[in-house]
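Below: one structure, written as structure tokens.
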2 protein chains.
Amino acid sequence: MKIAILGCGTVGSGACKLLIQNASEIAKRAGEEIVIKKVLARTPKKAYDAGLDKSQICTSFEEILNDDEISLVIEAMGGIDFAYDCIIKSMEKGKNVITANKDLIAIKGKEIFETAERNNVDIMFEASVGGGIPVIGVIKNMLCGNKFSYIMGILNGTTNYILTKMDKERLSYDEALAEAMALGYAEPDPTADVEGLDPARKIAILASLGFNAICTLDEVYSEGITKIESSDIDIAKHYGYVIKLVALAKEKNGEIVLFVRPVFIPKSHPLASVNDSFNAVVIKADAIDEMMLYGRGAGSLPTASSIVGDVMAIAKNISTKTTGKDPYKFYNTKKVVSVNSIDSNFVVRLDIADEPNSLANVTKAFAKENISIKTILQPIKEENQASNLIIITHKTKEKNIESAVQKLQNSECVRKVKMFMCFDSIDDI
Amino acid sequence: MKIAILGCGTVGSGACKLLIQNASEIAKRAGEEIVIKKVLARTPKKAYDAGLDKSQICTSFEEILNDDEISLVIEAMGGIDFAYDCIIKSMEKGKNVITANKDLIAIKGKEIFETAERNNVDIMFEASVGGGIPVIGVIKNMLCGNKFSYIMGILNGTTNYILTKMDKERLSYDEALAEAMALGYAEPDPTADVEGLDPARKIAILASLGFNAICTLDEVYSEGITKIESSDIDIAKHYGYVIKLVALAKEKNGEIVLFVRPVFIPKSHPLASVNDSFNAVVIKADAIDEMMLYGRGAGSLPTASSIVGDVMAIAKNISTKTTGKDPYKFYNTKKVVSVNSIDSNFVVRLDIADEPNSLANVTKAFAKENISIKTILQPIKEENQASNLIIITHKTKEKNIESAVQKLQNSECVRKVKMFMCFDSIDDI
């Protein structure tokens with residue numbers, strides 16, 4: 001079987017490296033040799049480092065597109081327009097496609113799946129979510145007897161690294177980000193990571209597969225970690241929680257909630273001990289109850305592992321002439337509902353006016369919105385600091401808290417509010 | 001597609017229940033209805049409870065075997081001889097087979113796989129290891145680009161429940177076992193669980209798939225948890241460890257070590273926080289680095305989830321006429337080596353004679369075998385108690401310790417020895 005790889009950066013070079021380094025085992029398992037015929041590479045350095053020779057490197061996509069020997073194209077360039085173009089053209093030429101491109105699948109998934117089905121080719125994208133963790137295959141195939149209740153994950157290694165450093169080494173957000181950049185965990189422009197866009201794409205993909213209904217990026221509420229202060233981490237610790245950037249897709253009565261946001265998680269929860277750049281996904285479904293997959297969510301070789309897994313699956317389909325026979329089925333239509341309509345516990349931090357009535361006003365406003373308070377803490381004020389109030393609520397809707405806080409702000413009793421979702425009991429959020 | 005289920009106990013009734021309860025979603029995903037035509041059940045009560053009606057229940061295997069409409073047989077009876085007979089006969093009649101029978105796969109796997117290949121049918125057994133955790137498919141298919149370094153797991157829920165209770169609630173072994181039996185976690189005869197036979201079967205299966213070489217039950221060294229005392233748990237806790245019944249398959253230079261035994265694991269390791277009846281598998285491989293799968297390792301519906309996943313895969317193969325096209329490939333021959341030849345840290349508990357020279361004799365004997373001691377503790381002796389010595393070694397081979405201890409026993413300096421493997425750094429055991 002002859003394949004081509006588009007792009008030879010971190011992802012593409014990893015795939016080359018793995019296919020070369022484990023070639024003999026891979027051939028035995030696939031029942032045939034997997035030959036990298038062409039690699040589209042602007043700068044061939046990484047391709048040479050990965051073990052390719054000059055004859056394998058090309059600079060024109062058309063050369064690959066028009067090579068009828070190539071039955072599988074791996075798109076490892078990233079970006080939207082050119083990648084999309086290459087994928088569609090490849091499929092229209094009868095070539096199967098693997099992509100690691102989460103942006104593209106989260107935005108143009110529907111068009112890509114339809115083009116694949118029309119052309120009887122396979123499209124696979126295990127590497128687009130969770131790096132080396134085979135979460136897509138597990139959800140789509142292995143757990144396909146289940147009805148999913150939720151899929152919840154730490155799906156971004158950069159932000160998890162930053163939060164771990166802030167927690168374990170008491171670094172500030174800026175210090176931790178600088179460290180992540182120095183180590184290459186964060187991109188030169190870290191926006192997509194720290195603002196939660198990257199995990200938002202991933203949870204859109206997992207939700208689509210889990211609930212068999214197309215969920216797109218713009219349906220995911222997303223909030224990053226840039227506003228998290230060391231004092232938030234301290235509060236979490238004090239009450240037995242850890243702050244994690246959680247991506248959640250949850251279904252209830254045909255309604256889906258999709259978000260990425262920092263959440264207070266109990267220390268005893270499996271996700272709480274997922275540290276550094278590791279990723280993890282917790283799946284709750286009717287038959288399996290609870291399951292967690294944990295591993296390397298990024299990196300050259302872990303991502304390559306997922307690509308090669310897809311290569312082997314497609315190799316089998318090519319050899320049995322069954323490509324395109326297992327299309328993604330989005331037979332459901334689900335309603336994505338607003339994130340502030342779900343029930344959860346919340347941690348609310350209020351800077352309140354230094355007046356005798358403030359505390360009474362706050363608790364009264366919360367009571368009026370039927371928000372039941374679980375614990376309340378007013379730390380001793382240091383000089384020149386605003387009076388701080390920390391409230392952990394019983395289960396309520398975020399919009400109730402928003403409404404209470406708005407009234408308080410009008411009364412000038414509250415100066416600043418910060419709110420975190422808090423998963424005391426995750427089962428029935 | 002019409003299927004039959006042999007046996008309607010915990011596993012069989014779970015499969016019926018799940019196929020009935022999620023029938024419409026399963027049909028949409030599979031592209032066709034999955035019809036349970038016959039269930040072989042000695043006592044039909046559980047079958048009725050699972051939602052079957054009288055016409056579906058039969059008491060003769062021949063009725064199923066001779067029904068040409070039935071293209072898939074799910075063996076959910078357990079046991080060896082009759083189950084083996086049914087599986088082989090079904091395959092010879094061109095029927096695909098799913099089994100949850102770990103005993104059978106671990107003992108007769110080779111014959112079963114060969115019969116399947118000869119008859120162009122599928123044989124799948126995801127439910128045989130890890131209950132609802134899809135570890136077999138992950139190892140066989142999704143990580144197939146990797147070279148595996150080790151597969152290490154907590155593969156038995158009963159013993160993990162007992163150890164968790166001993167650790168968290170300070171129960172004795174007998175008390176914890178009694179509780180596990182009362183809750184139905186332990187069988188009336190718990191031997192296969194507490195002596196490590198059940199996880200030994202499972203690790204033999206995972207090793208066969210991971211290393212592509214048949215590994216059988218009799219090649220697994222197995223030791224249970226019956227000799228673990230509360231004081232062992234206390235020592236582990238004191239030094240920052242947790243005792244877990246670990247199943248390990250590790251490859252190094254073509255040699256495989258296979259064992260089930262209680263191991264001291266550092267508290268920070270992902271397996272250390274796998275509690276109660278949960279199972280987990282850690283996989284270390286060249287591309288993914290480290291990965292963990294965690295979930296329900298037993299139970300009616302989790303096991304059913306794995307069975308239904310297999311049903312869907314076989315349904316696809318039947319509809320594309322590709323059954324039997326993906327046989328298990330055991331192209332490697334590996335040497336299984338003795339468990340006491342691997343390098344590890346050890347915790348050694350010695351009851352020594354109450355003589356001034358004892359400590360000196362012990363340390364001298366250890367030094368003679370080149371065993372470097374990391375920490376040594378001699379707790380203050382209570383009246384009428386033997387003098388106790390706790391040694392944690394640096395990396396050494398178990399046989400060196402055995403040899404040192406043997407010499408000491410001859411000198412009557414040591415009365416009783418107890419030894420645990422201790423995974424300080426799991427990477428290079």
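Identifiers in this document derive from the order of the structure tokens: chains are assigned A, B, ..., residues are numbered from 1 separately in each chain, and ligands are numbered from 1 in order of occurrence.
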Exercise. For stretch 360-372 of chain A, list every protein, DNA or RNA residue within 8 Å, evaluated using only C-alpha atoms, and leave out those in the same chain fewer than 2 positions away; present the list as a count of residues only.
Key: 15
Quiz item: Which of stretch 118-310 of chain B counts as strand (DSSP E or B) under DSSP, as an MDAnalysis selection string please?
Solution: chainID B and resid 123:124 148:154 221:222 241:252 255:266 278:285 289:296
What does the file look like for those residues with C-alpha atoms, as an mmCIF file, in the first residue's frame?
data_model
loop_
_atom_site.group_PDB
_atom_site.id
_atom_site.type_symbol
_atom_site.label_atom_id
_atom_site.label_comp_id
_atom_site.auth_asym_id
_atom_site.auth_seq_id
_atom_site.Cartn_x
_atom_site.Cartn_y
_atom_site.Cartn_z
ATOM 1 C CA ILE B 123 -13.857 -14.594 16.862
ATOM 2 C CA MET B 124 -13.940 -11.680 19.290
ATOM 3 C CA PHE B 148 4.808 -2.314 23.544
ATOM 4 C CA SER B 149 7.157 -2.122 26.434
ATOM 5 C CA TYR B 150 4.743 -3.256 29.110
ATOM 6 C CA ILE B 151 1.092 -3.775 29.918
ATOM 7 C CA MET B 152 0.369 -3.469 33.607
ATOM 8 C CA GLY B 153 -2.986 -3.618 35.231
ATOM 9 C CA ILE B 154 -5.304 -4.023 38.119
ATOM 10 C CA TYR B 221 3.638 -16.585 37.704
ATOM 11 C CA SER B 222 0.780 -15.845 40.007
ATOM 12 C CA TYR B 241 3.151 3.296 48.831
ATOM 13 C CA VAL B 242 -0.102 1.474 48.198
ATOM 14 C CA ILE B 243 -0.296 -2.326 47.843
ATOM 15 C CA LYS B 244 -2.080 -3.411 44.669
ATOM 16 C CA LEU B 245 -2.477 -6.807 43.036
ATOM 17 C CA VAL B 246 -0.618 -6.054 39.829
ATOM 18 C CA ALA B 247 -0.700 -8.070 36.618
ATOM 19 C CA LEU B 248 2.320 -7.343 34.472
ATOM 20 C CA ALA B 249 3.472 -8.342 31.011
ATOM 21 C CA LYS B 250 6.808 -6.792 30.170
ATOM 22 C CA GLU B 251 9.048 -7.323 27.183
ATOM 23 C CA LYS B 252 12.757 -6.655 27.079
ATOM 24 C CA GLU B 255 12.126 -11.883 26.726
ATOM 25 C CA ILE B 256 8.777 -11.596 28.439
ATOM 26 C CA VAL B 257 8.055 -11.457 32.142
ATOM 27 C CA LEU B 258 4.501 -12.368 33.098
ATOM 28 C CA PHE B 259 3.212 -12.171 36.619
ATOM 29 C CA VAL B 260 0.395 -11.401 38.998
ATOM 30 C CA ARG B 261 1.536 -10.447 42.476
ATOM 31 C CA PRO B 262 0.997 -7.850 45.183
ATOM 32 C CA VAL B 263 3.257 -4.870 44.541
ATOM 33 C CA PHE B 264 4.141 -1.718 46.473
ATOM 34 C CA ILE B 265 3.220 1.158 44.126
ATOM 35 C CA PRO B 266 4.072 4.814 44.807
ATOM 36 C CA PHE B 278 -12.517 -0.569 39.491
ATOM 37 C CA ASN B 279 -9.959 -1.978 37.056
ATOM 38 C CA ALA B 280 -7.273 -0.152 35.131
ATOM 39 C CA VAL B 281 -4.586 -0.935 32.601
ATOM 40 C CA VAL B 282 -1.428 1.099 32.059
ATOM 41 C CA ILE B 283 0.248 0.639 28.703
ATOM 42 C CA LYS B 284 3.765 1.779 27.970
ATOM 43 C CA ALA B 285 4.789 1.771 24.325
ATOM 44 C CA ASP B 289 4.600 6.806 25.888
ATOM 45 C CA GLU B 290 2.187 6.092 28.754
ATOM 46 C CA MET B 291 -1.546 5.545 28.644
ATOM 47 C CA MET B 292 -4.116 4.376 31.141
ATOM 48 C CA LEU B 293 -7.586 2.945 30.661
ATOM 49 C CA TYR B 294 -9.786 2.933 33.745
ATOM 50 C CA GLY B 295 -13.290 1.657 34.336
ATOM 51 C CA ARG B 296 -15.606 -1.092 35.492
#
Practice problem: For A:Glu117, list every protein, DNA or RNA residue within 12 Å, evaluated using only C-alpha atoms, and leave out those in the same chain fewer than 3 positions away; present the list as number ranges by chain. | Solution: A: 88, 91-92, 94-97, 110-114, 120-123, 322-329
Exercise. Write down as a PyMOL selection string the residues belonging to stretch 302-365 of chain B that are assigned alpha helix (DSSP H) by DSSP computed on the backbone.
Key: chain B and resi 302-319+358-365
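Residues surrounding stretch 216-219 of chain A within 8 Å are Ala106, Ile107, Ala200, Arg201, Ala204, Ile205, Ile214, Tyr221, Leu258 and Val336 of chain A [only C-alpha atoms; sequence separation below 2 positions excluded].
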Next, write the just-selected residues to a file, as a short mmCIF file (atom, residue, chain, number, x, y, z; two decimals), in the first residue's frame, keeping N, CA, C and O atoms as the atom set.
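The resulting again29.cif:
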data_model
loop_
_atom_site.label_atom_id
_atom_site.label_comp_id
_atom_site.auth_asym_id
_atom_site.auth_seq_id
_atom_site.Cartn_x
_atom_site.Cartn_y
_atom_site.Cartn_z
N ALA A 106 -13.85 20.17 13.15
CA ALA A 106 -14.85 20.85 13.99
C ALA A 106 -15.65 21.87 13.20
O ALA A 106 -16.77 22.21 13.57
N ILE A 107 -15.07 22.37 12.11
CA ILE A 107 -15.77 23.42 11.34
C ILE A 107 -16.41 22.84 10.08
O ILE A 107 -17.56 23.12 9.77
N ALA A 200 -12.20 23.39 22.78
CA ALA A 200 -13.58 23.56 22.30
C ALA A 200 -13.76 22.80 20.98
O ALA A 200 -14.78 22.14 20.77
N ARG A 201 -12.76 22.87 20.10
CA ARG A 201 -12.84 22.11 18.85
C ARG A 201 -12.93 20.62 19.15
O ARG A 201 -13.70 19.88 18.53
N ALA A 204 -16.27 19.48 20.53
CA ALA A 204 -17.29 19.48 19.46
C ALA A 204 -17.22 18.17 18.68
O ALA A 204 -18.25 17.57 18.35
N ILE A 205 -16.01 17.72 18.40
CA ILE A 205 -15.84 16.47 17.64
C ILE A 205 -16.33 15.28 18.46
O ILE A 205 -17.09 14.43 17.99
N ILE A 214 -24.28 16.24 14.59
CA ILE A 214 -23.20 17.19 14.31
C ILE A 214 -23.22 18.35 15.32
O ILE A 214 -24.23 19.02 15.48
N TYR A 221 -19.64 26.84 24.22
CA TYR A 221 -19.27 27.99 25.05
C TYR A 221 -17.83 27.76 25.50
O TYR A 221 -17.50 26.71 26.01
N LEU A 258 -22.58 22.11 25.90
CA LEU A 258 -21.21 21.99 25.41
C LEU A 258 -20.41 23.16 25.95
O LEU A 258 -20.73 24.32 25.67
N VAL A 336 -28.63 22.23 21.24
CA VAL A 336 -27.58 22.69 22.15
C VAL A 336 -28.15 23.83 22.97
O VAL A 336 -28.65 24.81 22.42
#
